[in-house]
Amino acid sequence: MKKEKTENFIPRRDFIGKTIKIAVSALIADGLIGTALKPADAESKKISLKPIKIKKAYIKEINGKKVIWITGTPTPEQKLLIPKLRLPLIAQDGAMVPLTMEVKLPMSQQKYLKTFYVCDLNNPRHLVGSFTLTPANGRGYISTRIKLLQQSYVQVLAEYSDGTVYGGRELVKVTVGGC
Amino acid sequence: MKIGEILVRVPHKVKKGRIIKILSLTKHPMDTGLVKNPKTGKKIPKWIIYKVDIFYDKRLITTCHYGIGISANPFLSFYIKADKKAPLEFVMYDTKGNIYKKTVMINAV
């Protein structure tokens, strides 16, 4: 019995030792692979950790016409002319952000809203689109859906029939970009 | 829905001279030309609607110029003054040369 026990014990010890060796070697290999991968990971993290720059600049000119930005409290006449935008505070999907723009000025033959320009300086192409209206529309109102790459200021410029251009803008936060 | 099909929602009876809202939705991929296909690694070529014309009683009312920043399946809504019983026509132009059309009657009573 004793002999059998000893005969049994030695292979067990051997087996445990071998398993430990294999485990250690595997761990070392893992570690080696880990060390080899580490710098690349760090680089990618560094790239992602860079703070995103948001272009805050106001658009000064469009089609050779000066854009009027009103800072401070506007007069009641100017309130009619400044375009208002409606956007979500936080857009979960950047591929489809609803945007509505409106001007309170009633459309008449003497003075009416001619074009809406939608601009976004943080996207690869700044001009998103332009919409030209006529007095037959009856109301200066357009709503669409746009794509946004990152957190940015969406700017809407309203051009009137007498040539003046007014601007309005609003901030949107985007969680997942879709451009 | 096929690509290029246009859905338009119009109130089915309107009083004359009222300002009514019109909603429209078009099926289109609107590929920007900047996105890569993850399987093949090739760029998906640009394919967008670049211009939309809207006619009411054969008179041009609004034109829209689209860039690449307009979302896929473009949605557009606007107001018109319903003066008379006349057709409202949508005409869309594509970068591949396709033209999509849709006409709706406006019943102004």
# chains A, B, ... in the order shown; residues from 1 in each chain; ligands from 1
>>> interface_residues(of="chain A", to="chain B", cutoff="7 Å", atoms="only C-alpha atoms", output="ChimeraX atom specification")
/A:95-96,127-134,136-139,141-147
>>> residues_around(residues="range 96-109 of chain B", least_positions_apart="2", cutoff="8 Å", atoms="only C-alpha atoms", output="compact mmCIF listing (two decimals) with C-alpha atoms, in the first residue's frame")
# COMPACT_ATOMS: atom_id res chain seq x y z
CA GLY B 4 -36.89 58.31 -54.43
CA GLU B 5 -40.47 57.78 -53.27
CA ILE B 6 -41.95 60.93 -51.73
CA VAL B 8 -46.57 64.21 -48.59
CA VAL B 10 -51.69 67.74 -46.78
CA PRO B 11 -54.97 68.63 -44.99
CA HIS B 12 -57.70 67.20 -47.23
CA LYS B 13 -60.04 70.24 -47.04
CA VAL B 14 -58.94 73.83 -46.54
CA LYS B 15 -60.70 77.21 -46.37
CA LYS B 16 -59.55 79.68 -49.03
CA TRP B 47 -24.92 60.25 -53.84
CA ALA B 82 -53.93 78.08 -50.04
CA ASP B 83 -55.42 80.59 -52.50
CA LYS B 84 -57.04 78.27 -55.04
CA LYS B 85 -57.69 74.66 -55.94
CA ALA B 86 -54.45 73.71 -57.65
CA PRO B 87 -51.81 70.96 -57.72
CA LEU B 88 -48.67 71.10 -55.58
CA GLU B 89 -45.68 69.54 -57.31
CA PHE B 90 -42.39 68.31 -55.85
CA VAL B 91 -39.39 67.89 -58.18
CA MET B 92 -36.10 66.52 -56.83
CA TYR B 93 -32.76 66.30 -58.64
CA ASP B 94 -30.12 63.70 -57.90
>>> closest_residue(among="A:Ile90, A:Leu105, A:Ile22, A:Ala158", to="Glu77 in chain A", atoms="only C-alpha atoms")
A:Leu105
>>> select_by_dssp(residues="range 6-108 of chain B", states="strand (DSSP E or B)", output="short mmCIF file (atom, residue, chain, number, x, y, z; two decimals) with N, CA and C atoms, in the first residue's frame")
data_model
loop_
_atom_site.label_atom_id
_atom_site.label_comp_id
_atom_site.auth_asym_id
_atom_site.auth_seq_id
_atom_site.Cartn_x
_atom_site.Cartn_y
_atom_site.Cartn_z
N ILE B 6 -41.70 59.75 -52.56
CA ILE B 6 -41.95 60.93 -51.73
C ILE B 6 -43.31 60.77 -51.06
N LEU B 7 -43.32 60.95 -49.74
CA LEU B 7 -44.59 60.96 -49.01
C LEU B 7 -44.92 62.40 -48.65
N VAL B 8 -46.16 62.83 -48.90
CA VAL B 8 -46.57 64.21 -48.59
C VAL B 8 -47.85 64.16 -47.78
N ARG B 9 -47.91 64.96 -46.72
CA ARG B 9 -49.13 65.06 -45.92
C ARG B 9 -49.72 66.46 -46.09
N VAL B 14 -59.46 72.59 -47.10
CA VAL B 14 -58.94 73.83 -46.54
C VAL B 14 -59.86 74.98 -46.92
N ARG B 18 -56.25 80.45 -46.25
CA ARG B 18 -55.60 80.04 -45.01
C ARG B 18 -54.16 79.60 -45.28
N ILE B 19 -53.32 79.73 -44.24
CA ILE B 19 -51.93 79.29 -44.35
C ILE B 19 -51.84 77.89 -43.75
N ILE B 20 -51.42 76.92 -44.57
CA ILE B 20 -51.41 75.53 -44.11
C ILE B 20 -49.99 74.98 -44.10
N LYS B 21 -49.81 73.98 -43.25
CA LYS B 21 -48.49 73.34 -43.11
C LYS B 21 -48.45 72.09 -43.97
N ILE B 22 -47.30 71.87 -44.59
CA ILE B 22 -47.12 70.70 -45.44
C ILE B 22 -45.88 69.94 -44.99
N LEU B 23 -46.02 68.62 -44.83
CA LEU B 23 -44.91 67.77 -44.39
C LEU B 23 -44.54 66.82 -45.52
N SER B 24 -43.25 66.58 -45.68
CA SER B 24 -42.85 65.64 -46.73
C SER B 24 -41.65 64.83 -46.26
N LEU B 25 -41.58 63.60 -46.76
CA LEU B 25 -40.48 62.70 -46.42
C LEU B 25 -40.09 61.93 -47.68
N THR B 26 -38.78 61.87 -47.95
CA THR B 26 -38.30 61.19 -49.14
C THR B 26 -37.37 60.05 -48.73
N ASP B 31 -25.62 59.52 -49.27
CA ASP B 31 -24.24 59.18 -48.92
C ASP B 31 -23.33 60.39 -49.10
N LYS B 36 -16.37 55.16 -44.94
CA LYS B 36 -15.81 53.94 -45.52
C LYS B 36 -16.70 52.76 -45.18
N LYS B 43 -14.30 53.55 -49.99
CA LYS B 43 -15.21 54.66 -49.71
C LYS B 43 -16.50 54.50 -50.48
N TRP B 47 -23.63 60.37 -53.13
CA TRP B 47 -24.92 60.25 -53.84
C TRP B 47 -25.96 61.00 -53.00
N ILE B 49 -29.35 64.09 -52.93
CA ILE B 49 -30.28 65.01 -53.61
C ILE B 49 -29.71 66.41 -53.41
N TYR B 50 -29.49 67.15 -54.49
CA TYR B 50 -28.87 68.47 -54.34
C TYR B 50 -29.84 69.62 -54.53
N LYS B 51 -31.01 69.36 -55.08
CA LYS B 51 -31.94 70.47 -55.33
C LYS B 51 -33.37 69.97 -55.26
N VAL B 52 -34.23 70.76 -54.64
CA VAL B 52 -35.66 70.45 -54.57
C VAL B 52 -36.43 71.69 -55.03
N ASP B 53 -37.32 71.50 -55.99
CA ASP B 53 -38.18 72.59 -56.45
C ASP B 53 -39.62 72.26 -56.08
N ILE B 54 -40.36 73.26 -55.62
CA ILE B 54 -41.76 73.06 -55.28
C ILE B 54 -42.61 74.06 -56.05
N PHE B 55 -43.55 73.54 -56.84
CA PHE B 55 -44.42 74.37 -57.66
C PHE B 55 -45.85 74.30 -57.12
N TYR B 56 -46.52 75.46 -57.08
CA TYR B 56 -47.94 75.52 -56.70
C TYR B 56 -48.66 76.29 -57.79
N ARG B 59 -46.35 77.68 -60.50
CA ARG B 59 -45.47 78.80 -60.16
C ARG B 59 -44.47 78.32 -59.12
N LEU B 60 -43.19 78.69 -59.29
CA LEU B 60 -42.16 78.25 -58.37
C LEU B 60 -42.32 78.94 -57.02
N ILE B 61 -42.47 78.16 -55.97
CA ILE B 61 -42.66 78.73 -54.64
C ILE B 61 -41.36 78.69 -53.84
N THR B 62 -40.83 77.50 -53.64
CA THR B 62 -39.59 77.39 -52.86
C THR B 62 -38.59 76.51 -53.59
N THR B 63 -37.31 76.82 -53.40
CA THR B 63 -36.25 75.93 -53.85
C THR B 63 -35.32 75.67 -52.68
N CYS B 64 -34.87 74.42 -52.56
CA CYS B 64 -33.94 74.06 -51.49
C CYS B 64 -32.67 73.51 -52.13
N HIS B 65 -31.53 74.01 -51.69
CA HIS B 65 -30.25 73.46 -52.12
C HIS B 65 -29.67 72.67 -50.95
N TYR B 66 -29.45 71.39 -51.17
CA TYR B 66 -28.96 70.54 -50.09
C TYR B 66 -27.46 70.30 -50.27
N ILE B 70 -27.30 67.28 -44.83
CA ILE B 70 -28.71 66.91 -44.62
C ILE B 70 -28.78 65.41 -44.36
N PHE B 75 -36.26 65.09 -44.55
CA PHE B 75 -37.59 65.54 -44.12
C PHE B 75 -37.67 67.04 -44.36
N LEU B 76 -38.79 67.50 -44.89
CA LEU B 76 -38.95 68.93 -45.16
C LEU B 76 -40.37 69.34 -44.85
N SER B 77 -40.52 70.42 -44.07
CA SER B 77 -41.87 70.94 -43.85
C SER B 77 -41.86 72.45 -43.96
N PHE B 78 -42.94 73.00 -44.49
CA PHE B 78 -43.05 74.43 -44.73
C PHE B 78 -44.53 74.81 -44.79
N TYR B 79 -44.80 76.12 -44.94
CA TYR B 79 -46.18 76.61 -45.01
C TYR B 79 -46.47 77.11 -46.42
N ILE B 80 -47.71 77.02 -46.84
CA ILE B 80 -48.12 77.72 -48.07
C ILE B 80 -49.48 78.38 -47.85
N LYS B 81 -49.73 79.40 -48.66
CA LYS B 81 -51.02 80.10 -48.62
C LYS B 81 -51.94 79.44 -49.64
N ALA B 82 -53.03 78.81 -49.15
CA ALA B 82 -53.93 78.08 -50.04
C ALA B 82 -54.93 79.04 -50.67
N ALA B 86 -55.53 73.89 -56.67
CA ALA B 86 -54.45 73.71 -57.65
C ALA B 86 -53.51 72.60 -57.18
N PRO B 87 -52.75 72.02 -58.12
CA PRO B 87 -51.81 70.96 -57.72
C PRO B 87 -50.52 71.53 -57.11
N LEU B 88 -49.97 70.78 -56.19
CA LEU B 88 -48.67 71.10 -55.58
C LEU B 88 -47.69 70.04 -56.05
N GLU B 89 -46.58 70.48 -56.68
CA GLU B 89 -45.68 69.54 -57.31
C GLU B 89 -44.29 69.59 -56.68
N PHE B 90 -43.76 68.44 -56.37
CA PHE B 90 -42.39 68.31 -55.85
C PHE B 90 -41.51 67.75 -56.97
N VAL B 91 -40.36 68.40 -57.22
CA VAL B 91 -39.39 67.89 -58.18
C VAL B 91 -38.03 67.85 -57.51
N MET B 92 -37.40 66.67 -57.50
CA MET B 92 -36.10 66.52 -56.83
C MET B 92 -35.05 66.06 -57.83
N TYR B 93 -33.86 66.63 -57.73
CA TYR B 93 -32.76 66.30 -58.64
C TYR B 93 -31.65 65.59 -57.86
N ASP B 94 -31.05 64.62 -58.51
CA ASP B 94 -30.12 63.70 -57.90
C ASP B 94 -28.73 63.88 -58.51
N ILE B 99 -34.49 62.05 -61.56
CA ILE B 99 -35.44 63.09 -61.19
C ILE B 99 -36.66 62.41 -60.58
N TYR B 100 -37.03 62.82 -59.37
CA TYR B 100 -38.17 62.25 -58.68
C TYR B 100 -39.28 63.30 -58.61
N LYS B 101 -40.51 62.86 -58.89
CA LYS B 101 -41.63 63.81 -58.93
C LYS B 101 -42.80 63.27 -58.12
N LYS B 102 -43.59 64.22 -57.60
CA LYS B 102 -44.82 63.85 -56.90
C LYS B 102 -45.77 65.04 -56.95
N THR B 103 -47.04 64.80 -57.28
CA THR B 103 -48.02 65.89 -57.28
C THR B 103 -49.16 65.55 -56.33
N VAL B 104 -49.61 66.59 -55.61
CA VAL B 104 -50.71 66.45 -54.65
C VAL B 104 -51.70 67.57 -54.93
N MET B 105 -53.00 67.27 -54.84
CA MET B 105 -54.00 68.32 -55.02
C MET B 105 -54.29 68.99 -53.69
N ILE B 106 -54.48 70.31 -53.74
CA ILE B 106 -54.89 71.04 -52.54
C ILE B 106 -56.33 71.51 -52.76
N ALA B 108 -58.89 73.69 -51.90
CA ALA B 108 -59.25 74.93 -51.23
C ALA B 108 -60.71 75.24 -51.57
#
>>> residues_around(residues="range 70-76 of chain A", least_positions_apart="6", cutoff="9 Å", atoms="only C-alpha atoms", output="list in words")
Ile82, Tyr166, Gly167 and Gly168 of chain A
>>> write_last_selection(atoms="C-alpha atoms", output="short mmCIF file (atom, residue, chain, number, x, y, z; two decimals), in the first residue's frame")
data_model
loop_
_atom_site.label_atom_id
_atom_site.label_comp_id
_atom_site.auth_asym_id
_atom_site.auth_seq_id
_atom_site.Cartn_x
_atom_site.Cartn_y
_atom_site.Cartn_z
CA ILE A 82 -33.70 87.69 -35.94
CA TYR A 166 -29.43 88.65 -39.79
CA GLY A 167 -27.95 85.75 -37.86
CA GLY A 168 -28.93 83.52 -34.98
#
